[in-house]
Amino acid sequence: MPVGMPPAFYITEDMVKKMKQGSVIIDLNVSQGGCFETTRPTDLNNPTYIEHGVIHFCVPNVPALVARTASIALSNILIPIIIAIGEIGGIDHYIKSSKGFRKGVYIYNGMLTNSTLADKFNLPYKDLDLLLAVY
């Protein structure tokens, strides 16, 4: 992996191997490829598996199990963002002004802006900060 590139996974298999036997890890990002190198999707009929002595829970779309609560939580997060986008003059201005929001932008004007995804799927990408300077 080139210097300065983020790892493909946040928790590598070597990190999992170093965990205490019987530890439990829960991958809530399994629907998007997972954040543990040892992640493999499971389902509610067989939700866990053990790898390197560590119990893994990797059920995709867990929020759907509590749909009402998840919808309320999502609304509580999104409504203030939507209001802020309107107040600041549009999504482009919001992306430029909100560093946290900008980190979640994976595609901008039809161009992939996430280097981790680009590396994982061998796709070209553009640096979002450079694109923001142009648009």
# chains A, B, ... in the order shown; residues from 1 in each chain; ligands from 1
call {"tool": "closest_atom_pairs", "arguments": {"of": "segment 57-79 of chain A", "to": "segment 14-30 of chain A", "cutoff": "8 Å", "atoms": "only C-alpha atoms", "output": "JSON lines"}}
result
{"residue": "A:Phe57", "atom": "CA", "partner": "A:Ile26", "partner_atom": "CA", "distance": 4.7}
{"residue": "A:Cys58", "atom": "CA", "partner": "A:Asp27", "partner_atom": "CA", "distance": 5.1}
{"residue": "A:Val59", "atom": "CA", "partner": "A:Val30", "partner_atom": "CA", "distance": 6.9}
{"residue": "A:Pro60", "atom": "CA", "partner": "A:Val30", "partner_atom": "CA", "distance": 5.5}
{"residue": "A:Asn61", "atom": "CA", "partner": "A:Leu28", "partner_atom": "CA", "distance": 7.6}
{"residue": "A:Val62", "atom": "CA", "partner": "A:Leu28", "partner_atom": "CA", "distance": 7.1}
call {"tool": "residues_around", "arguments": {"residues": "Lys96 of chain A", "least_positions_apart": "3", "cutoff": "7 Å", "atoms": "only C-alpha atoms", "output": "list of chain:residue names"}}
result
A:Asp92, A:His93, A:Leu132
call {"tool": "write_last_selection", "arguments": {"atoms": "C-alpha atoms", "output": "CSV table (one decimal), in the first residue's frame"}}
result
chain,number,residue,atom,x,y,z
A,92,ASP,CA,-21.9,23.2,-2.6
A,93,HIS,CA,-21.5,25.9,0.0
A,132,LEU,CA,-14.4,22.4,-4.7
call {"tool": "select_by_dssp", "arguments": {"residues": "chain A", "states": "strand (DSSP E)", "output": "PDB file with C-alpha atoms, in the first residue's frame"}}
result
ATOM      1  CA  VAL A  24     -17.038  -9.391  20.737  1.00  0.00           C
ATOM      2  CA  ILE A  25     -16.884  -7.063  17.743  1.00  0.00           C
ATOM      3  CA  ILE A  26     -19.938  -5.667  15.980  1.00  0.00           C
ATOM      4  CA  THR A  48     -22.343 -14.575  14.838  1.00  0.00           C
ATOM      5  CA  TYR A  49     -19.192 -16.487  13.994  1.00  0.00           C
ATOM      6  CA  ILE A  50     -15.830 -16.866  15.676  1.00  0.00           C
ATOM      7  CA  GLU A  51     -12.578 -16.022  13.968  1.00  0.00           C
ATOM      8  CA  VAL A  54     -13.131 -13.293  18.554  1.00  0.00           C
ATOM      9  CA  ILE A  55     -16.922 -13.342  18.240  1.00  0.00           C
ATOM     10  CA  HIS A  56     -18.094 -11.372  15.199  1.00  0.00           C
ATOM     11  CA  PHE A  57     -21.606  -9.923  14.756  1.00  0.00           C
ATOM     12  CA  ILE A 107     -19.247  11.385  -5.223  1.00  0.00           C
ATOM     13  CA  TYR A 108     -19.235  15.013  -6.305  1.00  0.00           C
ATOM     14  CA  MET A 111     -16.779  11.986  -9.824  1.00  0.00           C
ATOM     15  CA  LEU A 112     -15.646   9.541  -7.151  1.00  0.00           C
TER      16      LEU A 112
END
call {"tool": "select_by_dssp", "arguments": {"residues": "segment 2-122 of chain A", "states": "alpha helix (DSSP H)", "output": "ChimeraX atom specification"}}
result
/A:13-17,67-88,91-97,99-102,115-121
call {"tool": "closest_residue", "arguments": {"among": "A:Asp129, A:Pro47, A:Pro80, A:Thr69", "to": "Ile95 of chain A", "atoms": "only C-alpha atoms"}}
result
A:Asp129
call {"tool": "atom_distance", "arguments": {"atom1": "atom CA of Leu65 of chain A", "atom2": "atom CA of Thr42 of chain A"}}
result
14.5 Å
